[in-house]
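Undergrad: Structure file upload-v4.pdb, PDB, C-alpha atoms and all ligand atoms, is pasted below:
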ATOM      1  CA  MET A   1      -1.046  15.798   3.897  1.00  0.00           C
ATOM      2  CA  ALA A   2      -0.900  17.527   0.535  1.00  0.00           C
ATOM      3  CA  CYS A   3       0.949  17.092  -2.729  1.00  0.00           C
ATOM      4  CA  ASP A   4       4.324  18.894  -2.643  1.00  0.00           C
ATOM      5  CA  HIS A   5       4.763  19.022  -6.398  1.00  0.00           C
ATOM      6  CA  TRP A   6       5.793  22.419  -7.743  1.00  0.00           C
ATOM      7  CA  ILE A   7       3.790  23.234 -10.861  1.00  0.00           C
ATOM      8  CA  GLY A   8       6.295  25.447 -12.628  1.00  0.00           C
ATOM      9  CA  ALA A   9       3.881  26.568 -15.347  1.00  0.00           C
ATOM     10  CA  GLU A  10       1.425  27.849 -12.729  1.00  0.00           C
ATOM     11  CA  GLN A  11       4.083  29.046 -10.216  1.00  0.00           C
ATOM     12  CA  ARG A  12       2.411  27.214  -7.347  1.00  0.00           C
ATOM     13  CA  TYR A  13       2.446  23.955  -5.430  1.00  0.00           C
ATOM     14  CA  CYS A  14      -0.168  21.381  -6.333  1.00  0.00           C
ATOM     15  CA  ARG A  15      -1.445  21.049  -2.735  1.00  0.00           C
ATOM     16  CA  SER A  16      -3.968  18.408  -3.769  1.00  0.00           C
ATOM     17  CA  THR A  17      -5.052  16.217  -0.867  1.00  0.00           C
ATOM     18  CA  ASN A  18      -6.758  13.592  -3.013  1.00  0.00           C
ATOM     19  CA  GLN A  19      -5.131  10.132  -2.642  1.00  0.00           C
ATOM     20  CA  VAL A  20      -1.806  11.676  -1.652  1.00  0.00           C
ATOM     21  CA  ARG A  21       0.926   9.134  -0.956  1.00  0.00           C
ATOM     22  CA  HIS A  22       4.510   9.454   0.224  1.00  0.00           C
ATOM     23  CA  PHE A  23       7.219   9.091  -2.408  1.00  0.00           C
ATOM     24  CA  LEU A  24      10.975   9.570  -2.218  1.00  0.00           C
ATOM     25  CA  PRO A  25      10.779  13.261  -3.252  1.00  0.00           C
ATOM     26  CA  GLY A  26       7.890  13.899  -0.855  1.00  0.00           C
ATOM     27  CA  MET A  27       4.117  13.766  -0.794  1.00  0.00           C
ATOM     28  CA  ARG A  28       2.532  13.342  -4.207  1.00  0.00           C
ATOM     29  CA  CYS A  29      -1.001  13.133  -5.568  1.00  0.00           C
ATOM     30  CA  PRO A  30      -1.634  10.505  -8.283  1.00  0.00           C
ATOM     31  CA  ALA A  31      -1.042  13.074 -11.039  1.00  0.00           C
ATOM     32  CA  HIS A  32       2.401  14.047  -9.720  1.00  0.00           C
ATOM     33  CA  THR A  33       4.094  10.807  -8.646  1.00  0.00           C
ATOM     34  CA  PRO A  34       7.656  10.370  -9.933  1.00  0.00           C
ATOM     35  CA  ASN A  35       6.370   7.776 -12.384  1.00  0.00           C
ATOM     36  CA  ALA A  36       3.478   9.925 -13.556  1.00  0.00           C
ATOM     37  CA  LEU A  37       5.859  12.821 -14.229  1.00  0.00           C
ATOM     38  CA  LYS A  38       8.080  10.497 -16.248  1.00  0.00           C
ATOM     39  CA  GLY A  39       5.063   9.191 -18.144  1.00  0.00           C
ATOM     40  CA  VAL A  40       5.501   5.583 -17.046  1.00  0.00           C
ATOM     41  CA  PRO A  41       2.824   3.383 -15.420  1.00  0.00           C
ATOM     42  CA  GLU A  42       2.417   3.477 -11.666  1.00  0.00           C
ATOM     43  CA  VAL A  43       3.870   0.648  -9.576  1.00  0.00           C
ATOM     44  CA  PRO A  44       0.982  -0.886  -7.618  1.00  0.00           C
ATOM     45  CA  PRO A  45       1.400  -0.320  -3.883  1.00  0.00           C
ATOM     46  CA  GLY A  46       1.651  -3.196  -1.466  1.00  0.00           C
ATOM     47  CA  PRO A  47       4.057  -5.655   0.054  1.00  0.00           C
ATOM     48  CA  GLY A  48       5.583  -8.489  -1.807  1.00  0.00           C
ATOM     49  CA  ARG A  49       8.430  -9.300  -4.061  1.00  0.00           C
ATOM     50  CA  PRO A  50       8.579 -10.551  -7.635  1.00  0.00           C
ATOM     51  CA  ARG A  51       6.904 -13.911  -8.081  1.00  0.00           C
ATOM     52  CA  ASP A  52      10.057 -15.548  -9.407  1.00  0.00           C
ATOM     53  CA  TRP A  53      11.776 -14.864  -6.050  1.00  0.00           C
ATOM     54  CA  ALA A  54       9.343 -17.245  -4.333  1.00  0.00           C
ATOM     55  CA  THR A  55      11.434 -20.227  -5.413  1.00  0.00           C
ATOM     56  CA  PRO A  56      14.377 -20.535  -3.027  1.00  0.00           C
ATOM     57  CA  LEU A  57      17.799 -20.818  -4.548  1.00  0.00           C
ATOM     58  CA  PRO A  58      19.081 -24.422  -4.881  1.00  0.00           C
ATOM     59  CA  PRO A  59      21.473 -25.454  -2.099  1.00  0.00           C
ATOM     60  CA  ARG A  60      25.085 -24.887  -2.903  1.00  0.00           C
ATOM     61  CA  THR A  61      27.023 -28.087  -3.604  1.00  0.00           C
ATOM     62  CA  PRO A  62      30.022 -28.202  -1.245  1.00  0.00           C
ATOM     63  CA  THR A  63      33.352 -27.932  -2.937  1.00  0.00           C
ATOM     64  CA  ALA A  64      36.428 -29.988  -2.043  1.00  0.00           C
ATOM     65  CA  ARG A  65      37.625 -27.015  -0.026  1.00  0.00           C
ATOM     66  CA  ASP A  66      34.450 -27.085   2.145  1.00  0.00           C
ATOM     67  CA  LYS A  67      34.876 -30.806   2.889  1.00  0.00           C
ATOM     68  CA  ARG A  68      38.442 -30.372   4.136  1.00  0.00           C
ATOM     69  CA  PRO A  69      38.569 -30.544   7.962  1.00  0.00           C
ATOM     70  CA  LEU A  70      39.502 -27.384   9.776  1.00  0.00           C
ATOM     71  CA  ALA A  71      43.189 -27.199  10.514  1.00  0.00           C
ATOM     72  CA  ALA A  72      44.096 -26.874  14.161  1.00  0.00           C
ATOM     73  CA  VAL A  73      46.066 -23.781  14.994  1.00  0.00           C
ATOM     74  CA  LYS A  74      48.928 -24.607  17.331  1.00  0.00           C
ATOM     75  CA  PRO A  75      49.313 -22.130  20.180  1.00  0.00           C
ATOM     76  CA  THR A  76      52.454 -20.117  20.023  1.00  0.00           C
ATOM     77  CA  GLU A  77      54.778 -19.423  22.963  1.00  0.00           C
ATOM     78  CA  GLU A  78      53.566 -15.808  23.251  1.00  0.00           C
ATOM     79  CA  SER A  79      49.837 -16.676  23.552  1.00  0.00           C
ATOM     80  CA  ARG A  80      50.355 -19.006  26.522  1.00  0.00           C
TER      81      ARG A  80
HETATM   82 ZN    ZN B 101      -0.077  17.015  -7.244  1.00  0.00          ZN
END
Just give me the structure as structure tokens.

TA:
Amino acid sequence: MACDHWIGAEQRYCRSTNQVRHFLPGMRCPAHTPNALKGVPEVPPGPGRPRDWATPLPPRTPTARDKRPLAAVKPTEESR
């Protein structure tokens, strides 16, 4: 695996194999990740979701419509 980043100024691909990881545009070394090219900090790898998602959503209070019993559907002549 090697970095697929095209270095336009040098007219060549990076081809670095040091700590190459897969990103949406392809394989990238740490210097050429999408975030690095944009100049923003790298997102740390690993599973997980934002900490504030750990709290489950409160249960939904049933509305008057939910409490209404289901209406029976009378069979029609054709369906018999
Ligand atoms: Zn690279």

Undergrad: Which protein, DNA or RNA residues have an atom within 10 Å of ligand ZN 101 (chain B), counting only C-alpha atoms and all ligand atoms, as a list in words?

TA: Ala2, Cys3, Asp4, His5, Trp6, Ile7, Tyr13, Cys14, Arg15, Ser16, Thr17, Asn18, Gln19, Val20, Met27, Arg28, Cys29, Pro30, Ala31, His32 and Thr33 of chain A

Undergrad: Atom CA of Phe23 of chain A and atom CA of Val43 of chain A, how far apart in Å?

TA: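 We find that atom CA of Val43 of chain A and atom CA of Phe23 of chain A lie 11.6 Å from each other.
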
Undergrad: With all atoms of segment 25-35 of chain A from the file as input, state the centre and edge lengths in Å to one decimal of the axis-aligned box that has 3 Å extra on each side, as lines of an AutoDock Vina configuration file.

TA:
center_x = 4.6
center_y = 10.9
center_z = -6.6
size_x = 18.4
size_y = 12.3
size_z = 17.6

Undergrad: I'd like the interatomic distance between atom CA of Pro44 of chain A and atom CA of Pro25 of chain A, to a tenth of an Å.

TA: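 Atom-to-atom, atom CA of Pro44 of chain A and atom CA of Pro25 of chain A are spaced 17.8 Å apart.
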
Undergrad: To one decimal place in Å, what is the distance between atom CA of Gln11 of chain A and atom CA of Pro41 of chain A?

TA: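 About the pair atom CA of Gln11 of chain A and atom CA of Pro41 of chain A: they are 26.2 Å apart.
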
Undergrad: Using all atoms listed in the file, find the one residue out of A:Pro56, A:Met1, A:Pro47, A:Ala9 that sits nearest to Arg21 of chain A.

TA: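 That would be A:Met1, the residue with the smallest distance to Arg21 of chain A.
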
Undergrad: Point out the residue among A:His22, A:Leu70, A:Glu77, A:Pro62 with the least atom-to-atom distance to Pro34 of chain A, counting only C-alpha atoms.

TA: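 Closest residue, counting only C-alpha atoms: A:His22.
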